[in-house]
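Accompanying notes for the structure given below.
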Amino acid sequence: MAKLGSFYSLCPLIDNKGILDVSNDREEGVVIVTLGKNIASRYKVSNQKQITCWRTKEKFSSPVLYDKQKNQYVAVFNQTHIKFWNLDDSLDKLKKYKFTKPIHTILNVGKNYLILFQNGYLHDLDDAIENRKSLIPPSTDVTQIDHVLCESMNEHIYIGLITGNNFYWTIYTGGSPKYSKIELSRDGLDVRGRMFHAMGNVLYLFTLWSDGSIFAKSLENENSSENDLGELYTIVDSVSSKHFVAMISLDENYIGLYGANTNEEGAMLAIYNLQFKVTQSKQPFKLFTTNTKIWKQENSILLPVGQNLAVVPFHLETEQLAALVGSHKELQNNLDADIKIVHELDITSWDGKQLKSNLPADLKTKLEQYMNQGLSENIIFEELLPEMIKQKDLDLLYLLLRNFSDIHEKYLVQILNYALEIKNSKLINTIIARSFSEVLILPYLRSDLSTDKVLELLEHIQSSWSKDIPLKGLNFVETHTKFLEWSCVLIDANYQKIVLSKDKVFLEMLSKIDELVKNYLESLNDLKAVEPLLSNFKKKKTVNRCTNVDNLRYSIEQISLY
């Protein structure tokens, strides 16, 4: 399961649109924040401490990167020259490596450092520095670069360039790159987000569209059609698709999405599970920054929030289906005329009798709406329980208790309270027959159930147990087990109250239950005694009539091996 933690501010921003990039430093847990114009700083993420600050009279035109090969920092200035420096160097006194053609940025892809020129030409950084005077970038199909995607996978370097409504990509192997082109266009729809994402041993281009759909295009065949956007992978509705959405790959099964909130108020950061196609965690923000970028640094997501760079820790665990139940939302948009979502249901009564629904119209409508929205059983029950109690709608309550398995223990105690108030033994037995977690239910039994109602419930259990009537859907053994479980958990939750009160009625009730438990244990011992005999009957073995049952707890058999 994925979870977002509470966010905190790493550093103030001069202008949230002026930030160039965030990159990893040579020290673990430290990031380099390149601000617009002439400031870059190193920050310790864990304590938000600024370690180093660089200022320059010239303008940064690329993010500051740490070059592990040279053990130096590097950046592009004024789109014309590159500088390398150490921690304590003054940026205005460094050697300049000038180029004849304008440079777009420097890329760190895996262990490789590349120069990307504004015309889309790529070259190894070290080789470009050595041959800068003779290096003349050849022309490409790229005219203007709006956004750059890069990824290293299987020792291959993938580079993607967004230029208007076109996407150019290549697997860089040195020399002049040969770009493949994909037209980012669908009828009446606009691209809202894009990213590289690795699944298995294949790299995909993920594109998010204005209808909320995400298409996945595998980048294996460089000769594929320009109109091939891949296949529809999933639909997201955790962020608004009316505006730009920043996307980032967290691991093979999770991606991060940052965009406007669906109610158009503020922003939303969400973690989306690609394996089960559900949103697993959300973090709302009061302010939304358009056309922003987000970055991943170890187990944190960094993004501009207002005038600050925020850090949002995240935690990814092995997926559990139980945590994902109800996370799915029904798609409201019509993606394709060939696709229809049908919610019609035919009800057949085999005995020819038509079942009548006694559910109130308003509750029935709410239930249908919640089911269509894909809400979890627990959330639906939480929403409907107050109305069911207010309207005394026991039919719907029984229906949900019978069909919903995911109901929190808090609501079971609330129903017990209600059932004891209206003296409804059937409803009490329905709750007793349900499974529950002792750890989760103890606090609610202790705080929400009064002493009088605890006594009343124990009396009901003692009376039902004495009559030896099985609960609906359970046999005698299962019924006795349930009575024993509830007796124990009620006493555990109210032990101090019982001891301090020294109420004779309570003590008499506990004595009666104690007697029932003793009888139950004796019956189990009797069953244990006849178990070997029954086992022999089952195996169709002959049993000596004179044999004492107590001696049949084990047997010796002679087996001929040869």
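Letters for chains follow the order of the structure tokens (A, B, ...), residue numbers begin at 1 for each chain, and ligand numbers begin at 1 in the order shown.
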- Item | Within 7 Å of range 237-248 of chain A using only C-alpha atoms, minus same-chain residues under 6 positions, as number ranges by chain | A: 192-195, 209-212, 255-262, 268, 270, 279, 290-294
Kindly export the residues of the current selection with N, CA and C atoms, as an mmCIF file, in the first residue's frame.
data_model
loop_
_atom_site.group_PDB
_atom_site.id
_atom_site.type_symbol
_atom_site.label_atom_id
_atom_site.label_comp_id
_atom_site.auth_asym_id
_atom_site.auth_seq_id
_atom_site.Cartn_x
_atom_site.Cartn_y
_atom_site.Cartn_z
ATOM 1 N N ARG A 192 -2.403 16.633 -21.186
ATOM 2 C CA ARG A 192 -2.278 17.337 -19.905
ATOM 3 C C ARG A 192 -1.032 16.931 -19.129
ATOM 4 N N GLY A 193 -0.468 15.787 -19.449
ATOM 5 C CA GLY A 193 0.724 15.339 -18.741
ATOM 6 C C GLY A 193 1.439 14.265 -19.523
ATOM 7 N N ARG A 194 2.735 14.066 -19.208
ATOM 8 C CA ARG A 194 3.509 13.035 -19.897
ATOM 9 C C ARG A 194 4.700 12.645 -19.027
ATOM 10 N N MET A 195 5.163 11.418 -19.216
ATOM 11 C CA MET A 195 6.321 10.935 -18.463
ATOM 12 C C MET A 195 6.808 9.629 -19.075
ATOM 13 N N TRP A 209 -4.571 12.698 -20.830
ATOM 14 C CA TRP A 209 -5.359 13.540 -21.720
ATOM 15 C C TRP A 209 -6.461 14.269 -20.959
ATOM 16 N N SER A 210 -7.073 15.223 -21.633
ATOM 17 C CA SER A 210 -8.060 16.095 -20.992
ATOM 18 C C SER A 210 -9.347 15.371 -20.617
ATOM 19 N N ASP A 211 -9.517 14.127 -21.038
ATOM 20 C CA ASP A 211 -10.680 13.342 -20.605
ATOM 21 C C ASP A 211 -10.333 12.417 -19.441
ATOM 22 N N GLY A 212 -9.113 12.558 -18.905
ATOM 23 C CA GLY A 212 -8.699 11.747 -17.769
ATOM 24 C C GLY A 212 -8.073 10.424 -18.129
ATOM 25 N N ILE A 255 2.802 5.693 -9.611
ATOM 26 C CA ILE A 255 3.183 6.977 -10.184
ATOM 27 C C ILE A 255 2.610 8.081 -9.302
ATOM 28 N N GLY A 256 3.222 9.259 -9.388
ATOM 29 C CA GLY A 256 2.725 10.425 -8.672
ATOM 30 C C GLY A 256 2.077 11.397 -9.640
ATOM 31 N N LEU A 257 0.965 12.007 -9.228
ATOM 32 C CA LEU A 257 0.236 12.973 -10.049
ATOM 33 C C LEU A 257 0.019 14.241 -9.234
ATOM 34 N N TYR A 258 0.364 15.390 -9.819
ATOM 35 C CA TYR A 258 0.114 16.668 -9.153
ATOM 36 C C TYR A 258 -0.630 17.576 -10.122
ATOM 37 N N GLY A 259 -1.802 18.043 -9.692
ATOM 38 C CA GLY A 259 -2.600 18.922 -10.545
ATOM 39 C C GLY A 259 -3.654 19.631 -9.723
ATOM 40 N N ALA A 260 -4.540 20.296 -10.417
ATOM 41 C CA ALA A 260 -5.629 20.990 -9.736
ATOM 42 C C ALA A 260 -6.587 19.976 -9.122
ATOM 43 N N ASN A 261 -7.184 20.367 -8.000
ATOM 44 C CA ASN A 261 -8.177 19.506 -7.365
ATOM 45 C C ASN A 261 -9.396 19.361 -8.276
ATOM 46 N N THR A 262 -10.088 18.258 -8.139
ATOM 47 C CA THR A 262 -11.241 18.013 -9.011
ATOM 48 C C THR A 262 -12.364 19.021 -8.790
ATOM 49 N N MET A 268 -3.912 19.030 -5.760
ATOM 50 C CA MET A 268 -3.943 17.680 -5.202
ATOM 51 C C MET A 268 -2.719 16.909 -5.672
ATOM 52 N N ALA A 270 -1.373 13.040 -5.677
ATOM 53 C CA ALA A 270 -1.942 11.698 -5.511
ATOM 54 C C ALA A 270 -0.927 10.646 -5.927
ATOM 55 N N THR A 279 -6.405 5.032 -7.099
ATOM 56 C CA THR A 279 -5.681 6.042 -6.342
ATOM 57 C C THR A 279 -5.589 5.573 -4.900
ATOM 58 N N THR A 290 0.371 26.331 -11.737
ATOM 59 C CA THR A 290 0.215 25.806 -13.095
ATOM 60 C C THR A 290 1.568 25.535 -13.734
ATOM 61 N N ASN A 291 1.583 24.539 -14.621
ATOM 62 C CA ASN A 291 2.774 24.195 -15.408
ATOM 63 C C ASN A 291 4.009 24.000 -14.542
ATOM 64 N N THR A 292 3.828 23.393 -13.392
ATOM 65 C CA THR A 292 4.955 23.160 -12.501
ATOM 66 C C THR A 292 5.558 21.783 -12.749
ATOM 67 N N LYS A 293 6.663 21.501 -12.085
ATOM 68 C CA LYS A 293 7.321 20.203 -12.158
ATOM 69 C C LYS A 293 7.380 19.608 -10.757
ATOM 70 N N ILE A 294 7.478 18.311 -10.688
ATOM 71 C CA ILE A 294 7.689 17.647 -9.409
ATOM 72 C C ILE A 294 8.899 16.737 -9.547
#
- Can you pull out every residue within 9 Å of Gln414 in chain A, counting only C-alpha atoms, but drop anything in the same chain fewer than 3 positions away, and send it as a PyMOL selection string? chain A and resi 409-411+417-419+444+448-449
Export, as a CSV table (one decimal), in the first residue's frame, the selected residues with N, CA and C atoms.
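Saved result, part.csv, follows:
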chain,number,residue,atom,x,y,z
A,409,GLU,N,-15.6,-2.1,13.3
A,409,GLU,CA,-16.1,-2.5,14.6
A,409,GLU,C,-16.8,-1.3,15.3
A,410,LYS,N,-16.4,-0.1,15.0
A,410,LYS,CA,-17.0,1.1,15.6
A,410,LYS,C,-18.5,1.1,15.3
A,411,TYR,N,-18.9,0.7,14.1
A,411,TYR,CA,-20.3,0.7,13.7
A,411,TYR,C,-21.1,-0.5,14.2
A,417,ASN,N,-25.7,-0.8,20.5
A,417,ASN,CA,-26.3,0.2,21.3
A,417,ASN,C,-27.8,0.4,20.9
A,418,TYR,N,-28.0,0.5,19.6
A,418,TYR,CA,-29.3,0.8,19.1
A,418,TYR,C,-30.2,-0.5,19.3
A,419,ALA,N,-29.7,-1.7,19.1
A,419,ALA,CA,-30.5,-2.9,19.2
A,419,ALA,C,-30.9,-3.1,20.7
A,444,TYR,N,-14.0,0.7,21.6
A,444,TYR,CA,-15.4,1.2,21.4
A,444,TYR,C,-16.3,0.5,22.4
A,448,ASP,N,-18.1,3.4,24.4
A,448,ASP,CA,-19.4,3.6,23.8
A,448,ASP,C,-20.6,2.8,24.5
A,449,LEU,N,-20.2,1.8,25.2
A,449,LEU,CA,-21.3,0.9,25.8
A,449,LEU,C,-21.3,1.1,27.3
- For range 64-70 of chain A: contacts at 12 Å, only C-alpha atoms, fewer than 6 positions along chain excluded, given as number ranges by chain: A: 19-27, 30-36, 38-42, 53-55, 76-77, 82-87, 91, 105-114, 125-126
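Note that the spacing between CA of Leu442 in chain A and CA of Cys488 in chain A amounts to 10.6 Å.
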